[in-house]
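As provided, final30.cif (mmCIF, C-alpha atoms and all ligand atoms) reads as follows.
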data_run
loop_
_atom_site.group_PDB
_atom_site.id
_atom_site.type_symbol
_atom_site.label_atom_id
_atom_site.label_comp_id
_atom_site.auth_asym_id
_atom_site.auth_seq_id
_atom_site.Cartn_x
_atom_site.Cartn_y
_atom_site.Cartn_z
ATOM 1 C CA MET A 22 13.199 -8.387 -17.887
ATOM 2 C CA LYS A 23 11.346 -8.532 -14.584
ATOM 3 C CA THR A 24 7.822 -7.170 -14.436
ATOM 4 C CA ARG A 25 7.355 -3.557 -13.373
ATOM 5 C CA ALA A 26 6.064 -2.812 -9.880
ATOM 6 C CA PHE A 27 3.753 0.084 -9.055
ATOM 7 C CA VAL A 28 3.883 1.290 -5.442
ATOM 8 C CA THR A 29 1.483 3.963 -4.183
ATOM 9 C CA GLY A 30 2.640 6.268 -1.398
ATOM 10 C CA GLY A 31 6.234 5.319 -2.118
ATOM 11 C CA SER A 32 7.973 8.545 -1.152
ATOM 12 C CA ARG A 33 8.215 7.834 2.557
ATOM 13 C CA GLY A 34 7.821 5.257 5.321
ATOM 14 C CA ILE A 35 6.592 1.776 4.493
ATOM 15 C CA GLY A 36 6.004 2.544 0.793
ATOM 16 C CA ALA A 37 9.584 3.754 0.305
ATOM 17 C CA ALA A 38 10.907 0.589 1.969
ATOM 18 C CA ILE A 39 8.679 -1.566 -0.257
ATOM 19 C CA ALA A 40 9.852 0.213 -3.412
ATOM 20 C CA LEU A 41 13.493 -0.309 -2.429
ATOM 21 C CA ARG A 42 12.943 -3.970 -1.598
ATOM 22 C CA LEU A 43 11.187 -4.653 -4.899
ATOM 23 C CA ALA A 44 13.962 -2.798 -6.708
ATOM 24 C CA GLN A 45 16.514 -5.039 -4.949
ATOM 25 C CA ALA A 46 14.587 -7.973 -6.410
ATOM 26 C CA GLY A 47 15.169 -6.422 -9.841
ATOM 27 C CA HIS A 48 11.742 -4.920 -10.590
ATOM 28 C CA PRO A 49 11.647 -1.549 -12.361
ATOM 29 C CA ILE A 50 9.679 0.724 -10.045
ATOM 30 C CA ILE A 51 6.860 3.163 -10.666
ATOM 31 C CA LEU A 52 6.767 5.337 -7.582
ATOM 32 C CA ASN A 53 3.562 7.156 -6.761
ATOM 33 C CA PHE A 54 3.249 9.819 -4.060
ATOM 34 C CA ARG A 55 1.019 12.812 -3.484
ATOM 35 C CA SER A 56 3.168 15.917 -3.042
ATOM 36 C CA ASN A 57 6.493 15.336 -1.302
ATOM 37 C CA GLN A 58 8.739 15.587 -4.350
ATOM 38 C CA ALA A 59 11.942 15.942 -2.301
ATOM 39 C CA ALA A 60 11.310 12.683 -0.440
ATOM 40 C CA ALA A 61 10.432 10.931 -3.704
ATOM 41 C CA GLU A 62 13.669 12.156 -5.304
ATOM 42 C CA GLU A 63 15.623 10.604 -2.422
ATOM 43 C CA VAL A 64 13.939 7.255 -2.998
ATOM 44 C CA ARG A 65 14.553 7.603 -6.733
ATOM 45 C CA ALA A 66 18.275 8.141 -6.110
ATOM 46 C CA ARG A 67 18.508 5.091 -3.854
ATOM 47 C CA ILE A 68 16.763 2.900 -6.432
ATOM 48 C CA GLU A 69 18.892 4.208 -9.288
ATOM 49 C CA ALA A 70 21.988 3.475 -7.200
ATOM 50 C CA LEU A 71 20.913 -0.168 -7.396
ATOM 51 C CA GLY A 72 20.980 0.110 -11.188
ATOM 52 C CA VAL A 73 17.201 -0.227 -11.403
ATOM 53 C CA GLU A 74 14.884 2.010 -13.443
ATOM 54 C CA VAL A 75 12.410 4.163 -11.543
ATOM 55 C CA THR A 76 9.596 6.379 -12.811
ATOM 56 C CA LEU A 77 8.109 9.008 -10.505
ATOM 57 C CA CYS A 78 4.351 9.193 -10.858
ATOM 58 C CA PRO A 79 2.849 11.811 -8.529
ATOM 59 C CA PHE A 80 -0.924 11.982 -8.168
ATOM 60 C CA ASP A 81 -3.574 11.844 -5.468
ATOM 61 C CA VAL A 82 -4.945 8.287 -5.504
ATOM 62 C CA ALA A 83 -8.233 9.569 -4.066
ATOM 63 C CA ASP A 84 -8.782 11.758 -7.134
ATOM 64 C CA ALA A 85 -10.547 9.696 -9.792
ATOM 65 C CA ASP A 86 -9.711 11.973 -12.749
ATOM 66 C CA ALA A 87 -6.060 12.446 -11.820
ATOM 67 C CA SER A 88 -5.693 8.698 -11.242
ATOM 68 C CA ALA A 89 -7.335 7.789 -14.563
ATOM 69 C CA ALA A 90 -5.079 10.174 -16.470
ATOM 70 C CA ALA A 91 -1.929 8.876 -14.770
ATOM 71 C CA MET A 92 -2.857 5.214 -15.174
ATOM 72 C CA ASN A 93 -3.622 5.744 -18.882
ATOM 73 C CA THR A 94 -0.227 7.332 -19.430
ATOM 74 C CA LEU A 95 1.490 4.451 -17.628
ATOM 75 C CA LEU A 96 -0.361 1.763 -19.518
ATOM 76 C CA GLU A 97 0.549 3.346 -22.823
ATOM 77 C CA ASP A 98 4.186 4.222 -22.142
ATOM 78 C CA GLY A 99 5.469 1.123 -23.933
ATOM 79 C CA LYS A 100 7.836 0.217 -21.096
ATOM 80 C CA GLY A 101 6.412 -3.226 -20.487
ATOM 81 C CA PRO A 102 3.752 -4.818 -18.344
ATOM 82 C CA ILE A 103 2.980 -3.868 -14.768
ATOM 83 C CA GLY A 104 2.644 -7.161 -12.911
ATOM 84 C CA ILE A 105 2.848 -5.947 -9.322
ATOM 85 C CA VAL A 106 0.764 -3.296 -7.589
ATOM 86 C CA VAL A 107 1.131 -2.361 -3.949
ATOM 87 C CA ASN A 108 -1.711 -0.194 -2.625
ATOM 88 C CA ASN A 109 0.132 1.446 0.235
ATOM 89 C CA ALA A 110 -0.926 5.116 0.139
ATOM 90 C CA GLY A 111 -2.883 5.858 3.268
ATOM 91 C CA ILE A 112 -3.473 8.516 5.878
ATOM 92 C CA ALA A 113 -4.941 8.730 9.352
ATOM 93 C CA ARG A 114 -7.109 11.584 10.680
ATOM 94 C CA ASP A 115 -7.922 10.393 14.191
ATOM 95 C CA ASN A 116 -10.772 11.795 16.249
ATOM 96 C CA SER A 117 -13.356 10.378 18.596
ATOM 97 C CA PHE A 118 -16.438 9.498 16.606
ATOM 98 C CA PRO A 119 -18.983 11.961 18.054
ATOM 99 C CA VAL A 120 -16.818 14.877 16.947
ATOM 100 C CA MET A 121 -15.375 13.363 13.807
ATOM 101 C CA LYS A 122 -15.657 15.827 10.937
ATOM 102 C CA GLN A 123 -17.054 14.881 7.559
ATOM 103 C CA ASP A 124 -13.718 15.807 6.028
ATOM 104 C CA GLU A 125 -11.837 13.461 8.394
ATOM 105 C CA TRP A 126 -14.172 10.630 7.453
ATOM 106 C CA GLU A 127 -13.993 11.263 3.726
ATOM 107 C CA THR A 128 -10.279 11.958 3.332
ATOM 108 C CA VAL A 129 -9.367 8.715 5.051
ATOM 109 C CA THR A 130 -11.935 6.439 3.443
ATOM 110 C CA ARG A 131 -11.417 7.922 -0.015
ATOM 111 C CA THR A 132 -7.631 7.647 0.106
ATOM 112 C CA THR A 133 -7.758 3.979 1.080
ATOM 113 C CA LEU A 134 -10.848 2.717 -0.738
ATOM 114 C CA ASP A 135 -11.182 4.987 -3.778
ATOM 115 C CA GLY A 136 -7.388 4.785 -4.013
ATOM 116 C CA PHE A 137 -7.558 1.011 -4.287
ATOM 117 C CA TYR A 138 -10.266 1.235 -6.957
ATOM 118 C CA ASN A 139 -8.665 4.059 -8.949
ATOM 119 C CA VAL A 140 -5.271 2.362 -9.171
ATOM 120 C CA THR A 141 -6.034 -1.348 -9.268
ATOM 121 C CA ARG A 142 -8.953 -1.532 -11.686
ATOM 122 C CA PRO A 143 -7.107 -0.115 -14.730
ATOM 123 C CA LEU A 144 -4.232 -2.560 -14.160
ATOM 124 C CA LEU A 145 -6.400 -5.635 -13.900
ATOM 125 C CA MET A 146 -7.263 -6.451 -17.527
ATOM 126 C CA PRO A 147 -3.621 -6.125 -18.600
ATOM 127 C CA MET A 148 -2.742 -8.545 -15.772
ATOM 128 C CA VAL A 149 -5.452 -10.945 -16.940
ATOM 129 C CA ARG A 150 -3.999 -10.838 -20.463
ATOM 130 C CA GLN A 151 -0.480 -11.452 -19.115
ATOM 131 C CA ARG A 152 -1.713 -14.285 -16.938
ATOM 132 C CA PHE A 153 0.293 -12.825 -14.078
ATOM 133 C CA GLY A 154 -0.438 -10.397 -11.282
ATOM 134 C CA ARG A 155 0.454 -9.743 -7.681
ATOM 135 C CA ILE A 156 -1.732 -7.259 -5.822
ATOM 136 C CA VAL A 157 -0.760 -6.411 -2.257
ATOM 137 C CA ASN A 158 -2.926 -4.077 -0.186
ATOM 138 C CA ILE A 159 -1.550 -2.440 2.935
ATOM 139 C CA ALA A 160 -4.341 -2.636 5.493
ATOM 140 C CA SER A 161 -3.791 -2.364 9.249
ATOM 141 C CA TYR A 162 -4.290 -4.144 12.548
ATOM 142 C CA SER A 163 -6.775 -1.318 13.159
ATOM 143 C CA GLY A 164 -8.887 -2.667 10.291
ATOM 144 C CA VAL A 165 -8.823 -6.179 11.736
ATOM 145 C CA ALA A 166 -9.451 -5.450 15.405
ATOM 146 C CA GLY A 167 -10.759 -1.863 15.428
ATOM 147 C CA ASN A 168 -9.097 0.962 17.293
ATOM 148 C CA ARG A 169 -10.671 3.736 19.328
ATOM 149 C CA GLY A 170 -10.352 7.187 17.775
ATOM 150 C CA GLN A 171 -10.007 5.561 14.370
ATOM 151 C CA VAL A 172 -13.531 4.692 13.258
ATOM 152 C CA ASN A 173 -12.753 6.217 9.857
ATOM 153 C CA TYR A 174 -9.383 4.487 9.510
ATOM 154 C CA SER A 175 -10.606 1.115 10.821
ATOM 155 C CA ALA A 176 -13.586 1.254 8.454
ATOM 156 C CA ALA A 177 -11.378 2.092 5.477
ATOM 157 C CA LYS A 178 -8.871 -0.656 6.239
ATOM 158 C CA ALA A 179 -11.595 -3.238 6.947
ATOM 159 C CA GLY A 180 -13.153 -2.257 3.607
ATOM 160 C CA LEU A 181 -9.819 -2.802 1.915
ATOM 161 C CA ILE A 182 -9.635 -6.269 3.452
ATOM 162 C CA GLY A 183 -13.104 -7.066 2.075
ATOM 163 C CA ALA A 184 -12.059 -5.851 -1.365
ATOM 164 C CA THR A 185 -8.927 -8.008 -1.141
ATOM 165 C CA LYS A 186 -10.911 -11.160 -0.426
ATOM 166 C CA ALA A 187 -13.543 -10.520 -3.106
ATOM 167 C CA LEU A 188 -11.071 -9.625 -5.839
ATOM 168 C CA ALA A 189 -8.923 -12.654 -4.959
ATOM 169 C CA LEU A 190 -11.918 -14.868 -5.764
ATOM 170 C CA GLU A 191 -12.597 -13.066 -9.043
ATOM 171 C CA VAL A 192 -9.098 -13.451 -10.449
ATOM 172 C CA ALA A 193 -7.795 -16.633 -8.828
ATOM 173 C CA ARG A 194 -7.910 -18.637 -12.059
ATOM 174 C CA ARG A 195 -5.828 -16.033 -13.897
ATOM 175 C CA ASN A 196 -2.636 -16.499 -11.866
ATOM 176 C CA ILE A 197 -3.298 -13.206 -10.132
ATOM 177 C CA THR A 198 -3.039 -13.165 -6.354
ATOM 178 C CA VAL A 199 -4.557 -10.528 -4.091
ATOM 179 C CA ASN A 200 -3.484 -10.302 -0.469
ATOM 180 C CA ALA A 201 -3.560 -7.814 2.376
ATOM 181 C CA VAL A 202 -0.863 -7.070 4.891
ATOM 182 C CA ALA A 203 -2.030 -5.764 8.255
ATOM 183 C CA PRO A 204 0.810 -4.063 10.120
ATOM 184 C CA GLY A 205 0.695 -3.159 13.788
ATOM 185 C CA LEU A 206 2.703 -0.138 14.892
ATOM 186 C CA ILE A 207 5.500 0.614 12.414
ATOM 187 C CA GLU A 208 8.125 3.310 12.910
ATOM 188 C CA THR A 209 7.222 6.008 10.348
ATOM 189 C CA GLU A 210 6.096 9.643 10.330
ATOM 190 C CA MET A 211 2.482 8.471 10.467
ATOM 191 C CA ILE A 212 2.781 7.522 14.139
ATOM 192 C CA GLN A 213 4.910 10.449 15.276
ATOM 193 C CA ASP A 214 2.109 11.846 17.470
ATOM 194 C CA ALA A 215 0.920 8.483 18.838
ATOM 195 C CA PRO A 216 1.403 7.641 22.557
ATOM 196 C CA ILE A 217 4.021 5.050 21.684
ATOM 197 C CA ASP A 218 5.057 3.936 25.201
ATOM 198 C CA LYS A 219 1.431 3.326 26.133
ATOM 199 C CA ILE A 220 0.741 1.359 22.967
ATOM 200 C CA LEU A 221 3.893 -0.717 23.321
ATOM 201 C CA GLU A 222 2.610 -2.055 26.652
ATOM 202 C CA ARG A 223 0.102 -4.031 24.544
ATOM 203 C CA VAL A 224 2.669 -5.306 22.037
ATOM 204 C CA PRO A 225 4.146 -8.638 23.177
ATOM 205 C CA MET A 226 7.493 -7.852 21.497
ATOM 206 C CA ARG A 227 7.578 -4.435 23.204
ATOM 207 C CA ARG A 228 8.991 -2.704 20.145
ATOM 208 C CA LEU A 229 7.840 -0.955 16.999
ATOM 209 C CA GLY A 230 8.080 -2.718 13.657
ATOM 210 C CA ARG A 231 10.436 -1.438 11.005
ATOM 211 C CA PRO A 232 9.306 -0.475 7.483
ATOM 212 C CA GLU A 233 11.889 -2.929 6.111
ATOM 213 C CA GLU A 234 10.184 -5.781 7.959
ATOM 214 C CA VAL A 235 6.866 -4.976 6.262
ATOM 215 C CA ALA A 236 8.669 -4.588 2.943
ATOM 216 C CA ALA A 237 10.185 -8.072 3.201
ATOM 217 C CA LEU A 238 6.737 -9.609 3.631
ATOM 218 C CA VAL A 239 5.307 -7.597 0.748
ATOM 219 C CA ALA A 240 8.212 -8.586 -1.499
ATOM 220 C CA PHE A 241 7.548 -12.237 -0.761
ATOM 221 C CA LEU A 242 3.835 -11.882 -1.545
ATOM 222 C CA ALA A 243 4.792 -10.101 -4.780
ATOM 223 C CA SER A 244 7.159 -12.882 -5.844
ATOM 224 C CA GLU A 245 6.398 -15.738 -8.208
ATOM 225 C CA GLU A 246 7.103 -18.153 -5.329
ATOM 226 C CA ALA A 247 4.035 -16.881 -3.435
ATOM 227 C CA GLY A 248 1.714 -17.974 -6.234
ATOM 228 C CA TYR A 249 -0.504 -20.201 -4.083
ATOM 229 C CA ILE A 250 -1.237 -17.547 -1.439
ATOM 230 C CA THR A 251 -4.309 -15.451 -2.201
ATOM 231 C CA GLY A 252 -7.191 -13.807 -0.385
ATOM 232 C CA GLN A 253 -5.190 -13.723 2.842
ATOM 233 C CA VAL A 254 -4.642 -11.067 5.499
ATOM 234 C CA LEU A 255 -1.161 -11.374 6.939
ATOM 235 C CA GLY A 256 -0.553 -9.706 10.282
ATOM 236 C CA ILE A 257 2.858 -8.200 11.029
ATOM 237 C CA ASN A 258 2.523 -6.758 14.494
ATOM 238 C CA GLY A 259 4.967 -8.101 17.076
ATOM 239 C CA GLY A 260 2.449 -10.635 18.343
ATOM 240 C CA LEU A 261 -0.526 -8.314 18.918
ATOM 241 C CA GLY A 262 -2.909 -10.981 17.709
HETATM 242 P P1 LIG A 301 3.615 7.813 5.941
HETATM 243 O O1 LIG A 301 2.728 8.893 6.432
HETATM 244 O O2 LIG A 301 5.000 7.702 6.463
HETATM 245 O O3 LIG A 301 3.703 7.884 4.314
HETATM 246 C C1 LIG A 301 2.524 7.967 3.580
HETATM 247 C C2 LIG A 301 2.826 7.861 2.111
HETATM 248 O O4 LIG A 301 1.583 7.847 1.391
HETATM 249 C C3 LIG A 301 3.610 9.041 1.559
HETATM 250 O O5 LIG A 301 4.432 8.572 0.519
HETATM 251 C C4 LIG A 301 2.506 9.956 1.001
HETATM 252 O O6 LIG A 301 2.947 10.814 -0.052
HETATM 253 C C5 LIG A 301 1.556 8.925 0.459
HETATM 254 N N1 LIG A 301 0.185 9.380 0.328
HETATM 255 C C6 LIG A 301 -0.673 9.786 1.291
HETATM 256 N N2 LIG A 301 -1.858 10.113 0.763
HETATM 257 C C7 LIG A 301 -1.756 9.920 -0.576
HETATM 258 C C8 LIG A 301 -2.629 10.085 -1.663
HETATM 259 N N3 LIG A 301 -3.885 10.530 -1.502
HETATM 260 N N4 LIG A 301 -2.176 9.798 -2.915
HETATM 261 C C9 LIG A 301 -0.923 9.342 -3.114
HETATM 262 N N5 LIG A 301 -0.036 9.155 -2.105
HETATM 263 C C10 LIG A 301 -0.448 9.456 -0.859
HETATM 264 O O7 LIG A 301 2.789 6.469 6.177
HETATM 265 P P2 LIG A 301 3.274 4.986 6.527
HETATM 266 O O8 LIG A 301 4.439 4.619 5.702
HETATM 267 O O9 LIG A 301 3.305 4.836 7.992
HETATM 268 O O10 LIG A 301 1.982 4.176 6.023
HETATM 269 C C11 LIG A 301 1.936 3.483 4.801
HETATM 270 C C12 LIG A 301 0.690 2.608 4.798
HETATM 271 O O11 LIG A 301 0.777 1.683 5.878
HETATM 272 C C13 LIG A 301 -0.613 3.376 4.990
HETATM 273 O O12 LIG A 301 -1.625 2.807 4.200
HETATM 274 C C14 LIG A 301 -0.916 3.161 6.453
HETATM 275 O O13 LIG A 301 -2.290 3.268 6.716
HETATM 276 C C15 LIG A 301 -0.392 1.755 6.664
HETATM 277 N N6 LIG A 301 -0.095 1.425 8.038
HETATM 278 C C16 LIG A 301 0.859 2.114 8.750
HETATM 279 C C17 LIG A 301 1.112 1.755 10.062
HETATM 280 C C18 LIG A 301 2.142 2.462 10.897
HETATM 281 O O14 LIG A 301 2.208 2.174 12.103
HETATM 282 N N7 LIG A 301 2.966 3.329 10.363
HETATM 283 C C19 LIG A 301 0.386 0.664 10.713
HETATM 284 C C20 LIG A 301 -0.567 -0.001 9.867
HETATM 285 C C21 LIG A 301 -0.789 0.363 8.578
HETATM 286 P P3 LIG A 301 3.617 12.279 0.248
HETATM 287 O O15 LIG A 301 5.030 11.979 0.733
HETATM 288 O O16 LIG A 301 3.621 12.973 -1.057
HETATM 289 O O17 LIG A 301 2.788 12.926 1.301
#

What would you get if you wrote out this structure as structure tokens?
Amino acid sequence: MKTRAFVTGGSRGIGAAIALRLAQAGHPIILNFRSNQAAAEEVRARIEALGVEVTLCPFDVADADASAAAMNTLLEDGKGPIGIVVNNAGIARDNSFPVMKQDEWETVTRTTLDGFYNVTRPLLMPMVRQRFGRIVNIASYSGVAGNRGQVNYSAAKAGLIGATKALALEVARRNITVNAVAPGLIETEMIQDAPIDKILERVPMRRLGRPEEVAALVAFLASEEAGYITGQVLGINGGLG
């Protein structure tokens, strides 16, 4: 049987596309989300229609206690190893920095950075014992280049890139790869209020990316074939840079 894949923020957008793509590759899916049960049920139905097992696993990745409890349950459910983790859950709370509220800073940085820690760390020793792991972190072009109005989001995503590179070094000899994907503007609910026409003027391809395009890249990085790629940040942004 193929290894199980754990996808955070898998009820909508990029995470849902990643879960479906990994299911198409035959991986049983553990689908995390925060609260949108209806959206998660839709993804569950689409995965089950492929004949692939899916477990819904709702919790807030920024909440250390809730994450620890959920990860313990997963690791002891006897359904086999979890060899793939995709840290995709993320939110944006944009504001110009002088008026950025403490809550906007903390919600964004905690979801991305504490989320990475809370989910990935418990899965690591089992991966070391299996001598197999694929960790893919969804960062952002904003974390590579910076973006005005997103000091919180850029900081969180840049932090995630740093964590990716450091962890890749720690586990390289264990056949565990750790990579980051840095999407540009992808067509999901997250960007529904963004000034899309204005932003597209800066995108050489003059179009938004599709969640399925990000999912294809993630699925490759999660595959056995990608075993010599680690510590990398792969841009997927229509040529932004
Ligand atoms: P969406 O807003 O469409 O979906 C976000 C997903 O994350 C939902 O499934 C949501 O669950 C889940 N989520 C949010 N917060 C938490 C949390 N604390 N715990 C668990 N799950 C949570 O976002 P996108 O698909 O656009 O974004 C996915 C990732 O890609 C994010 O990390 C984002 O930063 C990144 N990204 C997106 C870009 C874009 O242009 N769209 C560009 C670059 C990076 P629920 O449904 O329950 O709310």

### Message
Please expand the PyMOL selection byres (((chain A and resi 198-211) around 8) and not hetatm) into the concrete residues it hits in this file, giving the result as an MDAnalysis selection string.
### Response
chainID A and resid 34:35 112:113 154:165 182 185:186 188:189 192:193 196:197 212:214 229:232 235 239 242 248:259 261

Keeping only C-alpha atoms, write those residues as a PDB file, in the frame of the given file.
ATOM      1  CA  GLY A  34       7.821   5.257   5.321  1.00  0.00           C
ATOM      2  CA  ILE A  35       6.592   1.776   4.493  1.00  0.00           C
ATOM      3  CA  ILE A 112      -3.473   8.516   5.878  1.00  0.00           C
ATOM      4  CA  ALA A 113      -4.941   8.730   9.352  1.00  0.00           C
ATOM      5  CA  GLY A 154      -0.438 -10.397 -11.282  1.00  0.00           C
ATOM      6  CA  ARG A 155       0.454  -9.743  -7.681  1.00  0.00           C
ATOM      7  CA  ILE A 156      -1.732  -7.259  -5.822  1.00  0.00           C
ATOM      8  CA  VAL A 157      -0.760  -6.411  -2.257  1.00  0.00           C
ATOM      9  CA  ASN A 158      -2.926  -4.077  -0.186  1.00  0.00           C
ATOM     10  CA  ILE A 159      -1.550  -2.440   2.935  1.00  0.00           C
ATOM     11  CA  ALA A 160      -4.341  -2.636   5.493  1.00  0.00           C
ATOM     12  CA  SER A 161      -3.791  -2.364   9.249  1.00  0.00           C
ATOM     13  CA  TYR A 162      -4.290  -4.144  12.548  1.00  0.00           C
ATOM     14  CA  SER A 163      -6.775  -1.318  13.159  1.00  0.00           C
ATOM     15  CA  GLY A 164      -8.887  -2.667  10.291  1.00  0.00           C
ATOM     16  CA  VAL A 165      -8.823  -6.179  11.736  1.00  0.00           C
ATOM     17  CA  ILE A 182      -9.635  -6.269   3.452  1.00  0.00           C
ATOM     18  CA  THR A 185      -8.927  -8.008  -1.141  1.00  0.00           C
ATOM     19  CA  LYS A 186     -10.911 -11.160  -0.426  1.00  0.00           C
ATOM     20  CA  LEU A 188     -11.071  -9.625  -5.839  1.00  0.00           C
ATOM     21  CA  ALA A 189      -8.923 -12.654  -4.959  1.00  0.00           C
ATOM     22  CA  VAL A 192      -9.098 -13.451 -10.449  1.00  0.00           C
ATOM     23  CA  ALA A 193      -7.795 -16.633  -8.828  1.00  0.00           C
ATOM     24  CA  ASN A 196      -2.636 -16.499 -11.866  1.00  0.00           C
ATOM     25  CA  ILE A 197      -3.298 -13.206 -10.132  1.00  0.00           C
ATOM     26  CA  ILE A 212       2.781   7.522  14.139  1.00  0.00           C
ATOM     27  CA  GLN A 213       4.910  10.449  15.276  1.00  0.00           C
ATOM     28  CA  ASP A 214       2.109  11.846  17.470  1.00  0.00           C
ATOM     29  CA  LEU A 229       7.840  -0.955  16.999  1.00  0.00           C
ATOM     30  CA  GLY A 230       8.080  -2.718  13.657  1.00  0.00           C
ATOM     31  CA  ARG A 231      10.436  -1.438  11.005  1.00  0.00           C
ATOM     32  CA  PRO A 232       9.306  -0.475   7.483  1.00  0.00           C
ATOM     33  CA  VAL A 235       6.866  -4.976   6.262  1.00  0.00           C
ATOM     34  CA  VAL A 239       5.307  -7.597   0.748  1.00  0.00           C
ATOM     35  CA  LEU A 242       3.835 -11.882  -1.545  1.00  0.00           C
ATOM     36  CA  GLY A 248       1.714 -17.974  -6.234  1.00  0.00           C
ATOM     37  CA  TYR A 249      -0.504 -20.201  -4.083  1.00  0.00           C
ATOM     38  CA  ILE A 250      -1.237 -17.547  -1.439  1.00  0.00           C
ATOM     39  CA  THR A 251      -4.309 -15.451  -2.201  1.00  0.00           C
ATOM     40  CA  GLY A 252      -7.191 -13.807  -0.385  1.00  0.00           C
ATOM     41  CA  GLN A 253      -5.190 -13.723   2.842  1.00  0.00           C
ATOM     42  CA  VAL A 254      -4.642 -11.067   5.499  1.00  0.00           C
ATOM     43  CA  LEU A 255      -1.161 -11.374   6.939  1.00  0.00           C
ATOM     44  CA  GLY A 256      -0.553  -9.706  10.282  1.00  0.00           C
ATOM     45  CA  ILE A 257       2.858  -8.200  11.029  1.00  0.00           C
ATOM     46  CA  ASN A 258       2.523  -6.758  14.494  1.00  0.00           C
ATOM     47  CA  GLY A 259       4.967  -8.101  17.076  1.00  0.00           C
ATOM     48  CA  LEU A 261      -0.526  -8.314  18.918  1.00  0.00           C
TER      49      LEU A 261
END

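Between atom CA of A:Arg65 and atom CA of A:Pro49 the interatomic distance comes to 11.1 Å.
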
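A straight line drawn from atom CA of A:Phe241 to atom CA of A:Leu43 is 9.4 Å long.
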
Counting all atoms listed in the file, the residue among A:Asn173, A:Asn116, A:Thr132, A:Ser56 that lies closest to A:Phe80 is A:Ser56

Specify the axis-aligned box that encloses all atoms of stretch 43-47 of chain A listed in the file after padding of 5 Å on each side, stating its centre and edge lengths in Å to one decimal as JSON.
{"center_x": 13.9, "center_y": -5.4, "center_z": -7.4, "size_x": 15.3, "size_y": 15.2, "size_z": 14.9}

- Query: If you apply the PyMOL selection byres (((chain A and resi 93-104) around 9) and not hetatm) to this file, what residues do you get, as a list of chain:residue names?
  - Reply: A:Met22, A:Lys23, A:Thr24, A:Arg25, A:Ala26, A:Phe27, A:Ile51, A:Cys78, A:Ser88, A:Ala89, A:Ala90, A:Ala91, A:Met92, A:Ile105, A:Val106, A:Pro143, A:Leu144, A:Pro147, A:Met148, A:Gln151, A:Phe153, A:Gly154, A:Arg155, A:Ile156, A:Ile197, A:Ala243

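For the set A:Arg55, A:Lys178, A:Arg169, A:Arg223, the residue with the smallest atom-to-atom gap to ligand LIG 301 (chain A) is A:Arg55, counting all atoms listed in the file.
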
Kindly extract all protein, DNA and RNA residues lying within 6 Å of the coordinates (-10.7, 0.5, 12.0) given in the file, considering only C-alpha atoms, and supply them as a PyMOL selection string. chain A and resi 163-164+167-168+171-172+174-176
